[in-house]
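Asks: See coords_13.cif below, with mmCIF, C-alpha atoms and all ligand atoms.
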```cif
data_upload
#
loop_
_atom_site.label_atom_id
_atom_site.label_comp_id
_atom_site.auth_asym_id
_atom_site.auth_seq_id
_atom_site.Cartn_x
_atom_site.Cartn_y
_atom_site.Cartn_z
CA PRO P 18 17.27 -22.08 -17.96
CA VAL P 19 14.61 -22.62 -15.30
CA MET P 20 17.25 -23.66 -12.77
CA ASN P 21 19.27 -20.57 -13.59
CA GLU P 22 16.29 -18.33 -13.12
CA VAL P 23 15.45 -19.90 -9.77
CA SER P 24 19.00 -19.65 -8.45
CA GLY P 25 19.20 -16.11 -9.82
CA LEU P 26 16.19 -15.15 -7.73
CA ARG P 27 17.65 -16.87 -4.64
CA ASN P 28 20.80 -14.74 -5.10
CA LEU P 29 18.66 -11.64 -5.45
CA GLU P 30 16.85 -12.53 -2.23
CA GLU P 31 20.15 -12.90 -0.41
CA GLU P 32 21.48 -9.58 -1.76
CA LEU P 33 18.32 -7.72 -0.82
CA LYS P 34 18.28 -9.25 2.65
CA GLN P 35 21.84 -8.08 3.24
CA LYS P 36 21.36 -4.64 1.79
CA MET P 37 18.14 -3.85 3.59
CA GLN P 38 18.89 -5.80 6.76
CA LEU P 39 15.77 -7.89 6.44
CA GLN P 40 14.84 -11.06 8.23
CA GLU P 41 13.34 -12.92 5.28
CA VAL P 42 12.66 -12.07 1.64
CA ILE P 43 10.75 -13.98 -1.02
CA ILE P 44 11.04 -12.72 -4.61
CA VAL P 45 8.84 -13.88 -7.48
CA PRO P 46 9.89 -13.40 -11.13
CA GLY P 47 8.59 -10.42 -13.16
CA ASP P 48 7.41 -6.90 -12.41
CA SER P 49 3.80 -6.42 -11.27
CA ASP P 50 3.82 -2.87 -12.70
CA LYS P 51 4.12 -4.41 -16.16
CA ALA P 52 2.31 -7.73 -15.82
CA PRO P 53 -0.72 -8.07 -13.54
CA TYR P 54 -0.28 -11.86 -13.10
CA VAL P 55 2.87 -11.13 -11.07
CA LYS P 56 0.64 -9.90 -8.22
CA LYS P 57 -0.99 -13.32 -8.18
CA GLU P 58 2.45 -14.93 -8.04
CA MET P 59 3.22 -12.80 -4.98
CA GLY P 60 -0.13 -13.96 -3.63
CA ARG P 61 0.80 -17.58 -4.21
CA ALA P 62 4.19 -17.11 -2.52
CA CYS P 63 2.51 -15.40 0.43
CA VAL P 64 0.03 -18.25 0.85
CA SER P 65 2.71 -20.94 0.77
CA ARG P 66 4.81 -19.03 3.32
CA LEU P 67 1.76 -18.72 5.53
CA LYS P 68 1.19 -22.45 5.39
CA LYS P 69 4.57 -23.16 6.94
CA LEU P 70 3.05 -22.03 10.23
CA ASP P 71 0.73 -23.91 12.49
CA LEU P 72 -2.46 -22.09 11.65
CA SER P 73 -4.73 -23.72 14.19
CA GLN P 74 -6.54 -21.30 16.46
CA ASN P 75 -5.00 -18.41 14.62
CA VAL P 76 -6.48 -15.02 13.91
CA ILE P 77 -5.17 -13.46 10.70
CA ALA P 78 -5.56 -9.72 10.18
CA VAL P 79 -5.44 -8.43 6.61
CA THR P 80 -5.34 -5.01 4.96
CA GLY P 81 -6.87 -3.85 1.70
CA GLY P 82 -5.45 -2.98 -1.72
CA THR P 83 -5.05 -4.74 -5.05
CA THR P 84 -2.05 -6.79 -3.89
CA LEU P 85 -3.95 -8.21 -0.94
CA ALA P 86 -6.88 -8.87 -3.27
CA ALA P 87 -4.48 -11.04 -5.27
CA VAL P 88 -3.39 -12.84 -2.09
CA ALA P 89 -7.08 -13.57 -1.38
CA GLU P 90 -7.47 -14.85 -4.92
CA MET P 91 -4.68 -17.37 -4.38
CA MET P 92 -5.72 -18.50 -0.90
CA THR P 93 -6.43 -22.22 -0.41
CA PRO P 94 -7.68 -24.20 2.59
CA PRO P 95 -5.01 -25.08 5.19
CA ALA P 96 -3.43 -28.52 4.84
CA HIS P 97 -4.70 -29.91 8.14
CA GLY P 98 -8.14 -28.33 8.11
CA GLU P 99 -7.15 -25.84 10.81
CA ASP P 100 -9.72 -23.31 11.92
CA ILE P 101 -8.65 -19.87 10.76
CA LEU P 102 -10.41 -16.66 11.58
CA PHE P 103 -9.83 -13.66 9.32
CA VAL P 104 -10.35 -10.06 10.42
CA PRO P 105 -9.67 -6.74 8.70
CA ALA P 106 -6.63 -5.00 10.23
CA ARG P 107 -8.17 -1.53 10.37
CA GLY P 108 -11.38 0.32 9.69
CA GLY P 109 -12.28 2.32 6.60
CA LEU P 110 -9.30 3.68 4.68
CA GLY P 111 -11.09 5.14 1.69
CA GLU P 112 -10.71 2.26 -0.74
CA GLN P 113 -13.22 1.06 -3.32
CA VAL P 114 -15.32 -1.87 -2.17
CA GLU P 115 -13.30 -4.57 -3.96
CA ASN P 116 -10.08 -3.29 -2.40
CA GLN P 117 -11.37 -2.83 1.12
CA ALA P 118 -9.96 -4.91 3.95
CA ASN P 119 -13.45 -6.18 4.81
CA THR P 120 -14.05 -7.51 1.30
CA ILE P 121 -10.62 -9.11 1.11
CA CYS P 122 -11.01 -10.62 4.54
CA ALA P 123 -14.33 -12.27 3.61
CA LYS P 124 -12.91 -13.55 0.34
CA MET P 125 -9.82 -15.00 2.01
CA ALA P 126 -11.97 -16.76 4.57
CA ARG P 127 -14.13 -18.27 1.87
CA LYS P 128 -11.09 -19.51 -0.09
CA ALA P 129 -9.47 -20.88 3.07
CA SER P 130 -12.74 -22.49 4.24
CA GLY P 131 -12.33 -20.35 7.33
CA ASP P 132 -14.39 -17.85 9.24
CA TYR P 133 -14.38 -14.04 9.34
CA ARG P 134 -15.57 -11.01 11.28
CA LEU P 135 -15.96 -7.59 9.76
CA LEU P 136 -15.38 -4.11 11.04
CA HIS P 137 -18.00 -1.59 9.99
CA VAL P 138 -16.52 1.86 10.39
CA PRO P 139 -17.31 4.78 8.12
CA ASP P 140 -14.31 6.64 6.71
CA GLN P 141 -14.95 10.09 8.12
CA LEU P 142 -16.09 10.14 11.72
CA SER P 143 -16.35 12.92 14.24
CA GLU P 144 -14.47 12.38 17.50
CA GLU P 145 -17.77 11.88 19.30
CA ALA P 146 -19.13 9.30 16.84
CA HIS P 147 -15.77 7.52 16.89
CA GLN P 148 -15.81 7.24 20.67
CA SER P 149 -19.31 5.87 20.85
CA LEU P 150 -18.70 3.44 17.99
CA ILE P 151 -15.75 1.78 19.70
CA GLU P 152 -17.93 1.22 22.75
CA GLU P 153 -20.46 -0.79 20.73
CA PRO P 154 -20.30 -4.46 21.85
CA GLY P 155 -20.12 -5.81 18.28
CA VAL P 156 -17.29 -3.45 17.35
CA LYS P 157 -15.48 -4.05 20.63
CA GLU P 158 -15.49 -7.80 20.07
CA VAL P 159 -13.93 -7.45 16.62
CA LEU P 160 -11.37 -4.95 17.92
CA GLU P 161 -10.29 -7.45 20.56
CA LEU P 162 -9.92 -10.15 17.92
CA ILE P 163 -7.80 -7.80 15.82
CA LYS P 164 -5.53 -7.06 18.78
CA SER P 165 -5.16 -10.80 19.34
CA ALA P 166 -4.11 -11.53 15.74
CA GLY P 167 -0.98 -13.68 15.62
CA ILE P 168 -0.54 -13.13 11.92
CA VAL P 169 -0.83 -9.95 9.87
CA ILE P 170 -0.71 -9.77 6.08
CA HIS P 171 -0.49 -6.28 4.64
CA GLY P 172 0.41 -4.22 1.60
CA ILE P 173 2.48 -1.07 1.12
CA GLY P 174 1.69 1.81 -1.17
CA ASP P 175 3.49 4.85 -2.47
CA ALA P 176 2.40 7.75 -0.22
CA ASN P 177 1.26 10.10 -2.94
CA THR P 178 -0.50 7.38 -4.94
CA MET P 179 -2.42 6.33 -1.84
CA ALA P 180 -3.37 9.86 -0.82
CA ILE P 181 -4.82 10.47 -4.29
CA ARG P 182 -6.53 7.05 -4.42
CA ARG P 183 -8.19 7.86 -1.09
CA LYS P 184 -9.32 11.25 -2.33
CA SER P 185 -7.56 12.87 0.61
CA SER P 186 -8.16 16.57 1.13
CA PRO P 187 -5.77 19.14 -0.42
CA GLU P 188 -4.61 19.91 3.16
CA VAL P 189 -3.62 16.31 3.79
CA ILE P 190 -1.87 16.07 0.42
CA GLU P 191 0.00 19.29 1.26
CA THR P 192 1.02 17.95 4.69
CA LEU P 193 2.27 14.72 3.18
CA LYS P 194 4.31 16.64 0.65
CA ALA P 195 5.76 18.99 3.26
CA LYS P 196 6.72 16.05 5.46
CA HIS P 197 8.20 14.07 2.56
CA ALA P 198 5.91 11.11 2.98
CA ALA P 199 7.19 8.22 0.89
CA ALA P 200 5.27 5.12 1.95
CA GLU P 201 1.90 4.13 3.32
CA ALA P 202 0.82 1.00 5.21
CA PHE P 203 -2.23 0.39 7.50
CA GLY P 204 -3.24 4.05 7.16
CA TYR P 205 0.16 5.27 8.43
CA TYR P 206 2.35 7.42 6.22
CA PHE P 207 6.17 7.19 6.54
CA ASN P 208 9.05 9.33 5.33
CA GLN P 209 12.12 7.86 3.63
CA ALA P 210 13.69 7.22 7.04
CA GLY P 211 10.69 5.10 8.06
CA GLU P 212 9.32 7.64 10.55
CA VAL P 213 5.55 8.10 10.86
CA VAL P 214 4.61 11.53 9.49
CA HIS P 215 0.84 11.18 9.28
CA LYS P 216 -1.89 8.77 10.26
CA VAL P 217 -5.42 8.17 8.98
CA LYS P 218 -7.83 8.24 11.88
CA THR P 219 -9.50 4.88 12.09
CA ILE P 220 -9.80 2.06 14.59
CA GLY P 221 -8.12 -1.35 14.60
CA LEU P 222 -4.53 -2.48 14.50
CA GLN P 223 -1.94 0.07 15.56
CA LEU P 224 1.64 0.01 14.37
CA GLN P 225 2.97 -1.02 17.79
CA ASP P 226 0.65 -4.05 17.83
CA LEU P 227 2.78 -5.63 15.11
CA GLU P 228 5.54 -6.26 17.63
CA ASN P 229 3.43 -8.89 19.37
CA CYS P 230 2.63 -10.86 16.23
CA GLU P 231 4.08 -14.24 15.47
CA LEU P 232 4.32 -13.46 11.76
CA VAL P 233 3.91 -10.29 9.70
CA ILE P 234 3.95 -10.78 5.95
CA THR P 235 4.44 -7.64 3.87
CA VAL P 236 3.39 -8.11 0.26
CA ALA P 237 4.41 -5.34 -2.14
CA GLY P 238 6.00 -5.33 -5.57
CA GLY P 239 6.47 -3.39 -8.79
CA SER P 240 9.49 -1.22 -9.58
CA THR P 241 7.52 1.98 -8.88
CA LYS P 242 7.00 0.87 -5.27
CA ALA P 243 10.71 0.45 -4.53
CA LYS P 244 11.09 3.74 -2.65
CA ALA P 245 7.98 3.05 -0.59
CA ILE P 246 9.13 -0.47 0.29
CA GLU P 247 12.54 0.87 1.26
CA ALA P 248 11.01 3.56 3.48
CA TYR P 249 8.67 1.21 5.30
CA MET P 250 11.34 -1.48 5.76
CA LYS P 251 13.62 1.12 7.41
CA ARG P 252 11.54 0.50 10.50
CA GLY P 253 13.57 -2.65 10.97
CA LEU P 254 10.60 -4.90 11.61
CA LYS P 255 10.93 -8.65 11.63
CA ASN P 256 8.57 -8.90 8.68
CA VAL P 257 8.72 -11.39 5.88
CA LEU P 258 8.84 -9.38 2.65
CA VAL P 259 7.16 -10.93 -0.38
CA THR P 260 8.05 -8.87 -3.44
CA ASP P 261 8.81 -9.19 -7.15
CA GLU P 262 11.90 -8.99 -9.29
CA GLY P 263 10.93 -5.52 -10.57
CA ALA P 264 10.90 -4.00 -7.09
CA ALA P 265 13.93 -6.03 -5.93
CA LYS P 266 16.11 -4.85 -8.81
CA ALA P 267 15.03 -1.23 -8.35
CA LEU P 268 15.81 -1.52 -4.62
CA LEU P 269 19.27 -2.89 -5.32
CA GLU P 270 20.03 -0.27 -7.96
CA GLY P 271 18.94 2.62 -5.73
CA SER P 272 21.64 3.99 -3.44
O1 LIG P 301 -5.54 0.95 1.61
C1 LIG P 301 -5.12 -0.32 2.00
C2 LIG P 301 -3.69 -0.62 1.59
O2 LIG P 301 -3.30 -1.86 2.12
C3 LIG P 301 -2.70 0.45 1.98
O3 LIG P 301 -2.32 0.40 3.32
C4 LIG P 301 -1.58 0.21 1.00
O4 LIG P 301 -0.77 1.35 0.83
C5 LIG P 301 -2.35 -0.11 -0.25
O5 LIG P 301 -3.58 -0.67 0.17
C6 LIG P 301 -1.64 -0.99 -1.22
O6 LIG P 301 -2.46 -1.12 -2.35
P1 LIG P 301 -2.02 -1.87 -3.68
O7 LIG P 301 -1.72 -3.28 -3.28
O8 LIG P 301 -3.22 -1.77 -4.55
O9 LIG P 301 -0.84 -1.16 -4.23
#
```
Re-express the file's structure as structure tokens.

Replies:
Amino acid sequence: PVMNEVSGLRNLEEELKQKMQLQEVIIVPGDSDKAPYVKKEMGRACVSRLKKLDLSQNVIAVTGGTTLAAVAEMMTPPAHGEDILFVPARGGLGEQVENQANTICAKMARKASGDYRLLHVPDQLSEEAHQSLIEEPGVKEVLELIKSAGIVIHGIGDANTMAIRRKSSPEVIETLKAKHAAAEAFGYYFNQAGEVVHKVKTIGLQLQDLENCELVITVAGGSTKAKAIEAYMKRGLKNVLVTDEGAAKALLEGS
């Protein structure tokens, strides 16, 4: 039965890759909407995929969220004692402390026996404050490290869920609705065609920076995230998608 389950998942991976025109997909059993341990399984899969790379001298940028918190939980030191530096991908995105990129970044570094740098940016900044902040030497240094990241690990959220979780203003929620926002990643909101329809103003990694990365791992699962995953993946990026059976089946059932 175990063999059947494993080969069943490999078939599912192949089907999803074909259907969504993806470069690489890793599916773990279960549905993280129903069983929280499934997030940790995605975390484990993400960590083992990461370790296939030469991690020496690498800067890894990470985002926030509960899925990435599970990736941090499952992180282990690299096999050859490589020096890894973790940085948060972007500044404040309105998450609770335990789900913030900074927190996750520090935790990952600790679990990987690596190093980290943090980005201290308040969520709501005036244009003026924003400009002077990015000129600060300490902030500038971290921003340069972020831009140099060879590896990015990030989550995806459902647009509406994320807007509410971030306590976005009624105006923003209205805009997102009017523009049919479906997915959110790195503070960018996308419609079902994968087009950017809104962006949270914060510093750090920009969407176009992903093109220069050696590896981008997208970790997102749960059947309720299927539409969001589909929307974001429409961008046709060369990402590795780590997901779960719940999301994969919903993606294959959807038209
Ligand atoms: O806010 C950070 C973030 O990575 C978002 O970009 C993403 O939509 C969300 O978290 C995913 O959160 P979760 O893993 O908890 O669903």

Asks: Got a sec: who's within 7 Å of range 80-97 of chain P, counting all atoms listed in the file, leaving out chain neighbours fewer than 5 positions off, as a PyMOL selection string?

Replies: chain P and resi 56-57+60-61+63-64+68+105-106+116-118+121+124-125+128-130+170-172+203+236-237

Asks: Can you write out the residues you just picked, keeping C-alpha atoms, as a short mmCIF file (atom, residue, chain, number, x, y, z; two decimals), in the frame of the given file?

Replies:
```cif
data_model
loop_
_atom_site.label_atom_id
_atom_site.label_comp_id
_atom_site.auth_asym_id
_atom_site.auth_seq_id
_atom_site.Cartn_x
_atom_site.Cartn_y
_atom_site.Cartn_z
CA LYS P 56 0.64 -9.90 -8.22
CA LYS P 57 -0.99 -13.32 -8.18
CA GLY P 60 -0.13 -13.96 -3.63
CA ARG P 61 0.80 -17.58 -4.21
CA CYS P 63 2.51 -15.40 0.43
CA VAL P 64 0.03 -18.25 0.85
CA LYS P 68 1.19 -22.45 5.39
CA PRO P 105 -9.67 -6.74 8.70
CA ALA P 106 -6.63 -5.00 10.23
CA ASN P 116 -10.08 -3.29 -2.40
CA GLN P 117 -11.37 -2.83 1.12
CA ALA P 118 -9.96 -4.91 3.95
CA ILE P 121 -10.62 -9.11 1.11
CA LYS P 124 -12.91 -13.55 0.34
CA MET P 125 -9.82 -15.00 2.01
CA LYS P 128 -11.09 -19.51 -0.09
CA ALA P 129 -9.47 -20.88 3.07
CA SER P 130 -12.74 -22.49 4.24
CA ILE P 170 -0.71 -9.77 6.08
CA HIS P 171 -0.49 -6.28 4.64
CA GLY P 172 0.41 -4.22 1.60
CA PHE P 203 -2.23 0.39 7.50
CA VAL P 236 3.39 -8.11 0.26
CA ALA P 237 4.41 -5.34 -2.14
#
```

Asks: Between P:Gly167, P:Gly253, P:Gly239, P:Gly204, single out the one closest to Gly47 in chain P, counting only C-alpha atoms.

Replies: P:Gly239

Asks: Find the residues near Lys194 in chain P: any atom within 12 Å, counting all atoms listed in the file, skip ones fewer than 3 places away on the same chain, and give them as a PyMOL selection string.

Replies: chain P and resi 176-178+180+187-191+197-200+206-208+214-215

Asks: Which residue, P:Ala243, P:Ala248, P:Val79, P:Leu254, has the smallest gap to ligand LIG 301 (chain P) when you use all atoms listed in the file?

Replies: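 Closest to ligand LIG 301 (chain P) of all the choices is P:Val79.
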
Asks: Using all atoms listed in the file, find the one residue out of P:Gln74, P:Gln209, P:Gln35, P:Asn229 that sits nearest to Glu247 in chain P.

Replies: P:Gln209

Asks: Would you compute the distance between CA of Ser65 in chain P and CA of Gly108 in chain P? Give it in Å to one decimal.

Replies: 27.0 Å

Asks: Which protein, DNA or RNA residues have an atom at most 9 Å from (9.8, -4.3, -5.5), counting all atoms listed in the file? List them as a list in words.

Replies: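 Final list of nearby residues, as requested, is Ile44, Asp48, Ser49, Ala237, Gly238, Gly239, Ser240, Thr241, Lys242, Ala243, Lys244, Ile246, Glu247, Val259, Thr260, Asp261, Glu262, Gly263, Ala264, Ala265, Lys266, Ala267 and Leu268 of chain P.
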
Asks: Which is closer to Glu30 in chain P than all the others in P:Ile101, P:Leu269, P:Gln113, P:Tyr54, using all atoms listed in the file?

Replies: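 The closest residue to Glu30 in chain P is P:Leu269.
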
Asks: So, counting only C-alpha atoms, which residue among P:Asn256, P:Asp100, P:Glu231, P:Lys69 is closest to Ile168 in chain P?

Replies: P:Glu231

Asks: Please determine, counting only C-alpha atoms, which residue among P:Val45, P:Leu150, P:Leu136, P:Met179 has the shortest atom-to-atom distance to Gly25 in chain P.

Replies: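 For Gly25 in chain P, the nearest of the candidates is P:Val45.
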
Asks: Using all atoms of ligand LIG 301 (chain P) listed in the file and a margin of 5 Å per side, can you give the axis-aligned box centre and edge lengths in Å to one decimal, as AutoDock Vina command-line options?

Replies:
```
--center_x -3.2 --center_y -1.0 --center_z -0.6 --size_x 14.8 --size_y 14.6 --size_z 17.9
```
